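Just input.csv here, CSV, C-alpha atoms and all ligand atoms:
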```
chain,number,residue,atom,x,y,z
A,1,MET,CA,42.8,-36.2,9.7
A,2,LYS,CA,42.5,-32.4,9.9
A,3,ILE,CA,44.9,-29.5,10.0
A,4,ASP,CA,45.5,-28.1,13.4
A,5,ARG,CA,43.7,-24.9,14.1
A,6,GLY,CA,45.9,-24.0,16.9
A,7,THR,CA,43.3,-24.6,19.6
A,8,ALA,CA,44.4,-25.5,23.1
A,9,GLU,CA,41.7,-28.0,23.9
A,10,ARG,CA,40.9,-31.4,22.5
A,11,MET,CA,37.3,-32.5,22.0
A,12,GLU,CA,35.8,-29.2,21.1
A,13,ASP,CA,33.8,-30.9,18.4
A,14,ALA,CA,30.6,-32.7,19.0
A,15,ASP,CA,32.0,-35.0,16.3
A,16,GLU,CA,35.0,-36.0,18.2
A,17,ARG,CA,33.0,-36.6,21.4
A,18,SER,CA,30.5,-38.8,19.6
A,19,ALA,CA,33.3,-40.8,18.0
A,20,MET,CA,34.8,-41.3,21.4
A,21,ALA,CA,31.4,-42.2,22.8
A,22,ARG,CA,31.0,-44.8,20.1
A,23,GLU,CA,34.4,-46.3,20.7
A,24,VAL,CA,33.8,-46.5,24.4
A,25,ARG,CA,30.4,-48.1,23.9
A,26,GLU,CA,31.9,-50.7,21.5
A,27,GLY,CA,34.8,-51.5,23.9
A,28,LEU,CA,32.6,-51.9,27.0
A,29,GLU,CA,30.1,-54.0,25.2
A,30,ARG,CA,32.8,-56.4,24.1
A,31,ALA,CA,33.7,-59.5,26.2
A,32,PRO,CA,36.3,-59.1,27.5
A,33,LYS,CA,36.0,-55.4,27.8
A,34,GLU,CA,38.6,-53.1,26.2
A,35,LEU,CA,39.3,-49.5,25.6
A,36,PRO,CA,41.7,-48.0,23.0
A,37,PRO,CA,45.1,-46.8,24.4
A,38,LYS,CA,44.8,-43.4,22.5
A,39,PHE,CA,42.4,-42.3,25.4
A,40,PHE,CA,45.4,-42.3,27.8
A,41,TYR,CA,46.8,-39.2,26.2
A,42,ASP,CA,45.2,-36.0,27.4
A,43,HIS,CA,47.6,-33.4,28.7
A,44,ARG,CA,48.0,-35.2,32.0
A,45,GLY,CA,48.3,-38.6,30.3
A,46,SER,CA,51.1,-37.2,28.1
A,47,GLU,CA,52.9,-35.9,31.1
A,48,LEU,CA,52.6,-39.2,32.9
A,49,PHE,CA,53.9,-41.0,29.8
A,50,GLU,CA,56.9,-38.5,29.8
A,51,ARG,CA,57.5,-39.6,33.4
A,52,ILE,CA,57.4,-43.2,32.5
A,53,THR,CA,60.1,-42.7,29.9
A,54,ARG,CA,62.4,-41.5,32.7
A,55,LEU,CA,61.7,-44.5,35.0
A,56,PRO,CA,64.6,-46.8,35.7
A,57,GLU,CA,62.5,-49.8,34.8
A,58,TYR,CA,61.3,-48.4,31.5
A,59,TYR,CA,64.2,-49.0,29.2
A,60,PRO,CA,62.7,-48.6,25.7
A,61,THR,CA,63.0,-44.8,25.4
A,62,ARG,CA,66.6,-44.8,26.5
A,63,ALA,CA,67.5,-47.7,24.3
A,64,GLU,CA,65.9,-46.1,21.3
A,65,ARG,CA,67.6,-42.8,22.0
A,66,ARG,CA,71.0,-44.4,22.1
A,67,ILE,CA,70.4,-46.1,18.8
A,68,LEU,CA,69.3,-42.8,17.2
A,69,VAL,CA,72.3,-40.9,18.7
A,70,GLU,CA,74.7,-43.4,17.4
A,71,GLN,CA,73.2,-44.2,14.0
A,72,ILE,CA,70.8,-41.5,12.8
A,73,PRO,CA,73.6,-39.2,11.5
A,74,SER,CA,74.7,-41.8,9.0
A,75,VAL,CA,71.2,-42.6,7.9
A,76,ILE,CA,70.5,-38.9,7.3
A,77,ALA,CA,73.8,-38.3,5.6
A,78,GLU,CA,72.9,-41.0,3.1
A,79,LEU,CA,69.3,-40.0,2.5
A,80,ARG,CA,69.6,-36.2,2.7
A,81,PRO,CA,65.9,-35.8,3.6
A,82,ARG,CA,64.2,-32.4,3.4
A,83,THR,CA,61.1,-33.3,5.4
A,84,LEU,CA,60.5,-35.2,8.6
A,85,VAL,CA,56.9,-36.6,9.0
A,86,GLU,CA,56.4,-38.0,12.5
A,87,LEU,CA,53.5,-40.2,13.6
A,88,GLY,CA,52.7,-39.6,17.3
A,89,ALA,CA,55.0,-36.7,17.9
A,90,GLY,CA,55.2,-36.8,21.7
A,91,SER,CA,57.6,-34.5,23.5
A,92,GLY,CA,60.1,-34.2,20.7
A,93,GLU,CA,63.4,-35.2,22.2
A,94,LYS,CA,64.0,-37.9,19.5
A,95,THR,CA,62.6,-35.5,16.9
A,96,ARG,CA,65.4,-33.1,17.7
A,97,LEU,CA,68.0,-35.8,17.2
A,98,ILE,CA,66.7,-36.3,13.7
A,99,LEU,CA,66.2,-32.6,13.0
A,100,ASP,CA,69.7,-31.9,14.2
A,101,ALA,CA,71.1,-34.5,11.8
A,102,MET,CA,69.1,-33.0,9.0
A,103,ARG,CA,70.3,-29.5,9.8
A,104,HIS,CA,73.8,-30.8,9.8
A,105,THR,CA,73.5,-32.1,6.2
A,106,GLY,CA,71.9,-28.8,5.3
A,107,THR,CA,68.7,-30.4,3.9
A,108,LEU,CA,66.3,-29.6,6.7
A,109,GLU,CA,63.1,-27.8,5.5
A,110,SER,CA,59.9,-29.0,7.0
A,111,TYR,CA,58.6,-31.0,9.9
A,112,VAL,CA,55.1,-32.5,10.0
A,113,PRO,CA,54.2,-33.9,13.4
A,114,ILE,CA,50.9,-35.9,13.6
A,115,ASP,CA,49.3,-36.5,16.9
A,116,VAL,CA,46.0,-36.9,18.7
A,117,SER,CA,46.8,-34.4,21.4
A,118,ALA,CA,46.4,-30.9,19.9
A,119,GLU,CA,47.6,-29.2,23.0
A,120,PHE,CA,50.8,-31.2,23.3
A,121,LEU,CA,51.4,-30.8,19.6
A,122,GLU,CA,51.0,-27.0,19.6
A,123,GLN,CA,53.3,-26.7,22.6
A,124,SER,CA,56.1,-28.6,21.1
A,125,ALA,CA,55.5,-27.0,17.6
A,126,ARG,CA,56.0,-23.6,19.3
A,127,ARG,CA,59.3,-24.7,20.9
A,128,LEU,CA,60.6,-26.2,17.6
A,129,ARG,CA,59.8,-23.0,15.6
A,130,THR,CA,61.9,-21.0,18.1
A,131,ASP,CA,64.8,-23.5,18.2
A,132,TYR,CA,64.9,-24.1,14.4
A,133,PRO,CA,64.5,-20.8,12.7
A,134,GLY,CA,63.3,-21.2,9.1
A,135,LEU,CA,61.9,-24.7,9.7
A,136,ARG,CA,58.3,-25.1,8.5
A,137,VAL,CA,56.5,-26.8,11.3
A,138,GLU,CA,53.1,-28.0,10.1
A,139,PRO,CA,51.3,-30.0,12.8
A,140,VAL,CA,48.4,-32.2,11.9
A,141,VAL,CA,46.0,-33.2,14.6
A,142,GLY,CA,44.7,-36.6,13.8
A,143,ASP,CA,44.2,-40.2,14.7
A,144,PHE,CA,46.6,-41.7,12.3
A,145,LEU,CA,45.1,-45.1,13.0
A,146,GLY,CA,42.0,-44.0,11.2
A,147,ASP,CA,41.4,-44.8,7.5
A,148,ASP,CA,42.6,-41.4,6.2
A,149,PRO,CA,45.8,-41.2,4.1
A,150,LEU,CA,48.8,-39.6,5.5
A,151,PRO,CA,49.7,-36.0,4.5
A,152,THR,CA,51.8,-35.8,1.3
A,153,PRO,CA,55.2,-34.3,2.0
A,154,ARG,CA,55.8,-31.1,0.0
A,155,TYR,CA,59.6,-31.3,0.1
A,156,ARG,CA,61.2,-34.6,-0.8
A,157,PRO,CA,63.0,-36.8,0.0
A,158,ALA,CA,61.0,-37.3,3.3
A,159,ILE,CA,61.5,-39.5,6.3
A,160,VAL,CA,58.3,-40.9,7.8
A,161,ALA,CA,59.1,-41.8,11.4
A,162,PHE,CA,57.0,-43.9,13.8
A,163,LEU,CA,59.2,-44.3,16.9
A,164,GLY,CA,58.8,-45.4,20.5
A,165,SER,CA,57.3,-48.8,19.5
A,166,THR,CA,53.9,-47.2,19.4
A,167,ILE,CA,53.2,-49.7,16.6
A,168,GLY,CA,53.1,-52.3,19.4
A,169,ASN,CA,49.8,-50.9,20.6
A,170,LEU,CA,48.1,-52.0,17.4
A,171,SER,CA,46.5,-55.2,16.3
A,172,THR,CA,48.1,-56.9,13.3
A,173,GLU,CA,45.3,-55.7,11.0
A,174,GLN,CA,45.6,-52.2,12.4
A,175,SER,CA,49.4,-52.1,12.0
A,176,VAL,CA,49.3,-53.4,8.4
A,177,ARG,CA,46.6,-50.8,7.6
A,178,LEU,CA,48.7,-48.0,9.0
A,179,LEU,CA,51.9,-49.2,7.4
A,180,THR,CA,50.0,-49.4,4.1
A,181,HIS,CA,49.1,-45.8,4.5
A,182,VAL,CA,52.8,-45.0,5.2
A,183,ARG,CA,53.9,-46.9,2.1
A,184,GLU,CA,51.3,-45.0,0.0
A,185,SER,CA,52.8,-41.8,1.2
A,186,LEU,CA,56.4,-42.8,0.3
A,187,ALA,CA,58.1,-41.8,-3.0
A,188,PRO,CA,61.0,-44.0,-4.2
A,189,PHE,CA,63.7,-42.0,-2.3
A,190,ASP,CA,61.7,-41.6,0.9
A,191,ARG,CA,62.3,-43.8,3.9
A,192,PHE,CA,60.2,-45.1,6.7
A,193,LEU,CA,61.9,-45.1,10.1
A,194,LEU,CA,60.3,-47.5,12.7
A,195,GLY,CA,61.1,-48.1,16.3
A,196,VAL,CA,60.2,-51.5,17.8
A,197,ASP,CA,60.6,-53.0,21.3
A,198,LEU,CA,62.2,-56.5,21.1
A,199,ARG,CA,61.4,-59.8,22.8
A,200,LYS,CA,63.5,-60.5,25.9
A,201,ASP,CA,63.5,-61.8,29.4
A,202,VAL,CA,59.9,-61.7,30.7
A,203,ARG,CA,61.1,-60.2,34.0
A,204,VAL,CA,62.6,-57.3,32.3
A,205,LEU,CA,59.5,-56.8,30.2
A,206,GLU,CA,57.1,-57.0,33.1
A,207,ARG,CA,59.2,-54.7,35.3
A,208,ALA,CA,59.0,-52.0,32.6
A,209,TYR,CA,55.2,-52.0,33.0
A,210,ASN,CA,55.0,-52.4,36.8
A,211,ASP,CA,57.3,-49.7,38.0
A,212,SER,CA,57.9,-49.3,41.7
A,213,ALA,CA,56.9,-45.6,41.8
A,214,GLY,CA,53.4,-46.5,40.5
A,215,VAL,CA,53.6,-44.0,37.6
A,216,THR,CA,52.4,-46.6,35.0
A,217,ALA,CA,49.4,-47.5,37.3
A,218,GLU,CA,48.5,-43.8,37.4
A,219,PHE,CA,48.9,-43.5,33.6
A,220,ASN,CA,46.6,-46.5,33.2
A,221,ARG,CA,43.9,-45.1,35.5
A,222,ASN,CA,44.2,-41.8,33.8
A,223,MET,CA,42.1,-43.2,30.9
A,224,LEU,CA,39.1,-43.4,33.2
A,225,ARG,CA,39.6,-39.8,34.2
A,226,VAL,CA,39.7,-38.8,30.5
A,227,ILE,CA,36.4,-40.7,29.9
A,228,ASP,CA,34.8,-39.1,33.0
A,229,ARG,CA,35.8,-35.6,31.9
A,230,GLU,CA,35.1,-35.9,28.1
A,231,LEU,CA,31.9,-38.0,28.3
A,232,GLY,CA,30.6,-37.0,31.8
A,233,ALA,CA,31.0,-40.7,32.9
A,234,ASP,CA,31.2,-41.6,36.6
A,235,PHE,CA,34.1,-44.1,36.7
A,236,ASP,CA,35.9,-44.1,40.1
A,237,PRO,CA,39.5,-44.5,38.9
A,238,ASP,CA,40.7,-45.4,42.3
A,239,ALA,CA,38.4,-48.4,42.4
A,240,PHE,CA,40.5,-50.0,39.6
A,241,GLU,CA,43.7,-51.7,40.0
A,242,HIS,CA,46.6,-51.6,37.5
A,243,ARG,CA,47.6,-55.0,36.1
A,244,ALA,CA,50.3,-55.6,33.4
A,245,PHE,CA,51.7,-59.0,32.3
A,246,TYR,CA,53.5,-60.6,29.4
A,247,ASP,CA,51.4,-62.9,27.2
A,248,GLU,CA,54.0,-65.4,25.8
A,249,GLN,CA,51.6,-66.8,23.3
A,250,HIS,CA,50.9,-63.5,21.6
A,251,GLN,CA,54.3,-62.0,22.4
A,252,ARG,CA,52.9,-58.9,24.0
A,253,ILE,CA,52.4,-57.0,27.2
A,254,GLU,CA,48.8,-56.5,28.2
A,255,MET,CA,47.7,-53.7,30.5
A,256,HIS,CA,44.4,-54.0,32.3
A,257,LEU,CA,42.3,-52.1,34.9
A,258,VAL,CA,40.8,-54.6,37.3
A,259,ALA,CA,37.6,-53.6,39.2
A,260,ARG,CA,37.8,-53.7,43.0
A,261,GLY,CA,34.3,-54.6,43.9
A,262,ASP,CA,31.4,-54.4,41.5
A,263,GLN,CA,31.6,-51.1,39.6
A,264,GLU,CA,28.5,-49.5,38.1
A,265,VAL,CA,29.2,-46.8,35.6
A,266,ARG,CA,26.8,-44.4,33.9
A,267,ILE,CA,28.0,-42.7,30.7
A,268,PRO,CA,25.4,-40.2,29.4
A,269,GLY,CA,24.5,-41.0,25.9
A,270,VAL,CA,26.5,-44.1,25.9
A,271,GLY,CA,24.9,-46.5,28.4
A,272,GLU,CA,25.3,-48.1,31.8
A,273,PHE,CA,27.8,-50.8,32.4
A,274,VAL,CA,28.7,-53.1,35.2
A,275,ILE,CA,32.3,-54.2,35.7
A,276,ALA,CA,32.1,-57.0,38.2
A,277,ASP,CA,34.5,-57.4,41.0
A,278,GLY,CA,37.7,-58.8,39.6
A,279,GLU,CA,36.7,-58.2,36.0
A,280,SER,CA,39.1,-56.2,33.9
A,281,ILE,CA,39.1,-53.7,31.1
A,282,ARG,CA,42.1,-54.1,28.8
A,283,THR,CA,43.5,-50.7,28.1
A,284,GLU,CA,46.6,-51.6,26.0
A,285,ILE,CA,48.6,-54.3,24.3
A,286,SER,CA,52.3,-53.7,23.6
A,287,ARG,CA,53.7,-56.1,21.1
A,288,LYS,CA,57.3,-57.2,21.3
A,289,TYR,CA,59.1,-58.1,18.0
A,290,ASP,CA,62.1,-59.8,16.5
A,291,ARG,CA,63.8,-59.2,13.2
A,292,ARG,CA,61.6,-61.7,11.3
A,293,SER,CA,58.3,-60.4,12.7
A,294,VAL,CA,59.3,-56.8,11.7
A,295,GLU,CA,60.3,-58.0,8.2
A,296,ARG,CA,57.0,-59.8,7.8
A,297,LEU,CA,55.0,-56.8,9.0
A,298,LEU,CA,56.8,-54.4,6.5
A,299,ASP,CA,56.4,-57.0,3.8
A,300,ALA,CA,52.7,-57.2,4.4
A,301,ALA,CA,52.4,-53.5,3.8
A,302,GLY,CA,54.5,-53.5,0.6
A,303,MET,CA,57.8,-52.3,2.1
A,304,GLY,CA,61.2,-53.8,2.4
A,305,MET,CA,63.5,-53.5,5.4
A,306,GLU,CA,66.8,-51.7,4.7
A,307,ARG,CA,68.7,-51.2,7.9
A,308,TRP,CA,68.3,-53.1,11.2
A,309,MET,CA,69.8,-51.1,14.1
A,310,THR,CA,69.8,-52.2,17.7
A,311,ASP,CA,71.3,-51.2,21.1
A,312,THR,CA,74.1,-53.4,22.5
A,313,LYS,CA,71.8,-55.4,24.6
A,314,GLY,CA,69.5,-56.1,21.6
A,315,TRP,CA,66.5,-54.8,23.6
A,316,PHE,CA,65.2,-52.4,21.0
A,317,ALA,CA,65.5,-51.9,17.3
A,318,VAL,CA,65.2,-48.9,14.9
A,319,VAL,CA,64.8,-50.0,11.2
A,320,THR,CA,64.6,-48.2,7.9
A,321,ALA,CA,62.3,-49.4,5.2
A,322,VAL,CA,61.7,-48.5,1.6
A,323,ARG,CA,58.7,-48.7,-0.6
A,324,ALA,CA,58.8,-52.0,-2.5
A,325,PRO,CA,59.2,-51.6,-6.3
A,401,LIG,C1,54.1,-45.5,24.0
A,401,LIG,C2,53.0,-47.4,23.3
A,401,LIG,C3,55.3,-47.4,23.3
A,401,LIG,O1,53.7,-49.7,24.9
A,401,LIG,O2,55.5,-49.3,26.0
A,401,LIG,C4,54.3,-47.3,28.5
A,401,LIG,C5,53.1,-47.0,26.3
A,401,LIG,N1,52.3,-48.1,28.4
A,401,LIG,N2,54.0,-47.9,29.7
A,401,LIG,C6,54.5,-48.9,25.5
A,401,LIG,C7,53.2,-47.5,27.7
A,401,LIG,C8,52.8,-48.4,29.6
A,401,LIG,C9,54.2,-47.4,25.4
A,401,LIG,N3,54.1,-46.9,24.0
```
Now, as a test, write the supplied structure out as structure tokens.
Ligand code: AVJ
Amino acid sequence: MKIDRGTAERMEDADERSAMAREVREGLERAPKELPPKFFYDHRGSELFERITRLPEYYPTRAERRILVEQIPSVIAELRPRTLVELGAGSGEKTRLILDAMRHTGTLESYVPIDVSAEFLEQSARRLRTDYPGLRVEPVVGDFLGDDPLPTPRYRPAIVAFLGSTIGNLSTEQSVRLLTHVRESLAPFDRFLLGVDLRKDVRVLERAYNDSAGVTAEFNRNMLRVIDRELGADFDPDAFEHRAFYDEQHQRIEMHLVARGDQEVRIPGVGEFVIADGESIRTEISRKYDRRSVERLLDAAGMGMERWMTDTKGWFAVVTAVRAP
């Protein structure tokens, strides 16, 4: 994890490109093939995701927003946090709900967004500095799934937020590792704020990842565009079909890109790969939780759940957790 230097472009380092090359090679050599969802999010990918959050079928963002609007003021009034650390900062709409509540209690001092997209991060940091005069906005560009510790908040108590059910993208081992880093960054009066998508009717879940406007399909294919640009690969994104379905056994949505016809791909310095007609590359898992599975996850990372907050339909949950004694 490194401090943002205010650059507009990702991937200026040979280091970052070779890390990407290694991950792409590992993913494409695996059977079945897979690529990590963080490669969705270049500037265009972040914009496509923003569009997804406004789709009628994609309920999680709205449900989470409702929970925050209704319940965050009382959470903040109780904790009186001075710092908000946010993993995967995104566009900042939910951030503002939390910052507003902190401003209201008069405790707001610093905001530390952590994200893989430097460009997006810098843009939203600029806007926040304008809209919250006096707020210290200290963005950190980083892959918080890596093995680095999280930044230590300078002003405590702090809230460490991981919203949007992004945790659902991680394997169990990855999520326990990340949450362990979160727990290590917490002092006794700090809190972890986690958003998780809940199990529900499969039709509702599958519709959310197969929107009628085809935005999710474009978002999915964008990963190949990112790899083409960053690594000089020659994927033809339009030769891949979007597929998303719910896996009951693993309680997760899986998103795939399915080859239409045999696809031969050359990636300089990485290798040559054949994706056979009908073969797929898994680009994302999105786990769905219930109260017990969240408790278990927090427990495995040395945290205890405090508040369990859901929307009226029980489709999404925002929880607070504390470092176990
Ligand atoms: C941002 C990871 C929460 O899993 O629902 C949306 C990403 N993928 N539509 C999710 C996503 C397809 C999203 N997260």
- Task: Could I get the residue neighbourhood of ligand LIG 401 (chain A) at 10 Å, counting only C-alpha atoms and all ligand atoms, as a PyMOL selection string?
- Result: chain A and resi 37-38+40-41+46+48-53+55+58-61+88+90+163-170+195-197+205+208-211+215-217+219-220+244+252-255+283-288
- Item | For segment 115-123 of chain A: contacts at 6 Å, only C-alpha atoms, fewer than 6 positions along chain excluded, given as a ChimeraX atom specification | /A:8,88-89,141-143
- Nearest to Phe240 of chain A, chosen from A:Leu257, A:Leu128, A:Ile281, A:Val176, with only C-alpha atoms counted in the distances: A:Leu257
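A straight line drawn from atom CA of Leu28 of chain A to atom CA of Met223 of chain A is 13.5 Å long.
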- How many Å separate atom CA of Val160 of chain A from atom CA of Glu34 of chain A?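 These two atoms are separated by 29.6 Å.
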Env of Leu84 of chain A: 12 Å cut, atoms = all atoms listed in the file, seq-sep filter 3 positions within chain, self excluded. Answer as a short mmCIF file (atom, residue, chain, number, x, y, z; two decimals) with C-alpha atoms, in the coordinates of the input.
```cif
data_model
loop_
_atom_site.label_atom_id
_atom_site.label_comp_id
_atom_site.auth_asym_id
_atom_site.auth_seq_id
_atom_site.Cartn_x
_atom_site.Cartn_y
_atom_site.Cartn_z
CA ILE A 76 70.50 -38.90 7.30
CA LEU A 79 69.30 -40.00 2.50
CA ARG A 80 69.60 -36.20 2.70
CA PRO A 81 65.90 -35.80 3.60
CA LEU A 87 53.50 -40.20 13.60
CA ALA A 89 55.00 -36.70 17.90
CA LYS A 94 64.00 -37.90 19.50
CA THR A 95 62.60 -35.50 16.90
CA ARG A 96 65.40 -33.10 17.70
CA LEU A 97 68.00 -35.80 17.20
CA ILE A 98 66.70 -36.30 13.70
CA LEU A 99 66.20 -32.60 13.00
CA ASP A 100 69.70 -31.90 14.20
CA ALA A 101 71.10 -34.50 11.80
CA MET A 102 69.10 -33.00 9.00
CA ARG A 103 70.30 -29.50 9.80
CA THR A 107 68.70 -30.40 3.90
CA LEU A 108 66.30 -29.60 6.70
CA GLU A 109 63.10 -27.80 5.50
CA SER A 110 59.90 -29.00 7.00
CA TYR A 111 58.60 -31.00 9.90
CA VAL A 112 55.10 -32.50 10.00
CA PRO A 113 54.20 -33.90 13.40
CA ILE A 114 50.90 -35.90 13.60
CA LEU A 135 61.90 -24.70 9.70
CA ARG A 136 58.30 -25.10 8.50
CA VAL A 137 56.50 -26.80 11.30
CA GLU A 138 53.10 -28.00 10.10
CA PRO A 139 51.30 -30.00 12.80
CA PRO A 151 49.70 -36.00 4.50
CA THR A 152 51.80 -35.80 1.30
CA PRO A 153 55.20 -34.30 2.00
CA ARG A 154 55.80 -31.10 0.00
CA TYR A 155 59.60 -31.30 0.10
CA ARG A 156 61.20 -34.60 -0.80
CA PRO A 157 63.00 -36.80 0.00
CA ALA A 158 61.00 -37.30 3.30
CA ILE A 159 61.50 -39.50 6.30
CA VAL A 160 58.30 -40.90 7.80
CA ALA A 161 59.10 -41.80 11.40
CA PHE A 162 57.00 -43.90 13.80
CA LEU A 186 56.40 -42.80 0.30
CA ASP A 190 61.70 -41.60 0.90
CA ARG A 191 62.30 -43.80 3.90
CA PHE A 192 60.20 -45.10 6.70
CA LEU A 193 61.90 -45.10 10.10
#
```
- Note on the structure: Among A:Val294, A:Leu35, A:Val202, A:Val270, Ala21 of chain A is approached most closely, using only C-alpha atoms, by A:Val270
- Message: I need the residue nearest Asp247 of chain A from this list: A:Glu47, A:Ala276, A:Arg199, A:Val318. Use all atoms listed in the file for the distance.
- Response: A:Arg199
- Message: Please report the interatomic distance between atom CA of Gly304 of chain A and atom CA of Leu194 of chain A in Å with one decimal.
- Response: 12.1 Å
Supply segment 153-160 of chain A as a short mmCIF file (atom, residue, chain, number, x, y, z; two decimals), in the coordinates of the input, with all heavy atoms built in where the input has gaps.
```cif
data_model
loop_
_atom_site.label_atom_id
_atom_site.label_comp_id
_atom_site.auth_asym_id
_atom_site.auth_seq_id
_atom_site.Cartn_x
_atom_site.Cartn_y
_atom_site.Cartn_z
N PRO A 153 54.14 -35.24 1.79
CA PRO A 153 55.20 -34.30 2.00
C PRO A 153 55.44 -33.38 0.84
O PRO A 153 55.41 -33.82 -0.31
CB PRO A 153 56.46 -35.22 2.20
CG PRO A 153 55.93 -36.58 2.42
CD PRO A 153 54.57 -36.64 1.81
N ARG A 154 55.62 -32.08 1.12
CA ARG A 154 55.80 -31.10 0.00
C ARG A 154 57.25 -31.08 -0.46
O ARG A 154 57.53 -30.73 -1.59
CB ARG A 154 55.41 -29.73 0.52
CG ARG A 154 54.07 -29.30 -0.04
CD ARG A 154 53.78 -27.87 0.29
NE ARG A 154 53.45 -27.71 1.71
CZ ARG A 154 53.21 -26.52 2.26
NH1 ARG A 154 53.31 -25.43 1.54
NH2 ARG A 154 52.91 -26.44 3.54
N TYR A 155 58.18 -31.40 0.45
CA TYR A 155 59.60 -31.30 0.10
C TYR A 155 60.20 -32.73 0.26
O TYR A 155 60.17 -33.29 1.35
CB TYR A 155 60.34 -30.34 0.98
CG TYR A 155 59.65 -29.00 1.04
CD1 TYR A 155 58.76 -28.71 2.06
CD2 TYR A 155 59.87 -28.05 0.05
CE1 TYR A 155 58.10 -27.50 2.12
CE2 TYR A 155 59.22 -26.82 0.10
CZ TYR A 155 58.33 -26.56 1.14
OH TYR A 155 57.69 -25.36 1.19
N ARG A 156 60.72 -33.26 -0.83
CA ARG A 156 61.20 -34.60 -0.80
C ARG A 156 62.73 -34.63 -1.06
O ARG A 156 63.21 -33.70 -1.69
CB ARG A 156 60.50 -35.51 -1.75
CG ARG A 156 59.08 -35.74 -1.26
CD ARG A 156 58.36 -36.75 -2.14
NE ARG A 156 57.51 -37.60 -1.32
CZ ARG A 156 56.21 -37.83 -1.57
NH1 ARG A 156 55.60 -37.27 -2.61
NH2 ARG A 156 55.53 -38.62 -0.79
N PRO A 157 63.49 -35.65 -0.65
CA PRO A 157 63.00 -36.80 0.00
C PRO A 157 62.49 -36.55 1.46
O PRO A 157 62.91 -35.61 2.10
CB PRO A 157 64.21 -37.77 0.08
CG PRO A 157 65.37 -37.02 -0.41
CD PRO A 157 64.93 -35.74 -0.97
N ALA A 158 61.61 -37.45 1.91
CA ALA A 158 61.00 -37.30 3.30
C ALA A 158 61.36 -38.60 4.05
O ALA A 158 61.53 -39.68 3.48
CB ALA A 158 59.54 -37.17 3.16
N ILE A 159 61.45 -38.39 5.36
CA ILE A 159 61.50 -39.50 6.30
C ILE A 159 60.20 -39.56 7.03
O ILE A 159 59.77 -38.53 7.55
CB ILE A 159 62.67 -39.37 7.28
CG1 ILE A 159 63.99 -39.58 6.56
CG2 ILE A 159 62.50 -40.31 8.44
CD1 ILE A 159 65.00 -40.34 7.37
N VAL A 160 59.53 -40.69 7.03
CA VAL A 160 58.30 -40.90 7.80
C VAL A 160 58.72 -41.69 9.04
O VAL A 160 59.11 -42.85 8.89
CB VAL A 160 57.20 -41.55 7.03
CG1 VAL A 160 55.96 -41.73 7.89
CG2 VAL A 160 56.87 -40.76 5.76
#
```
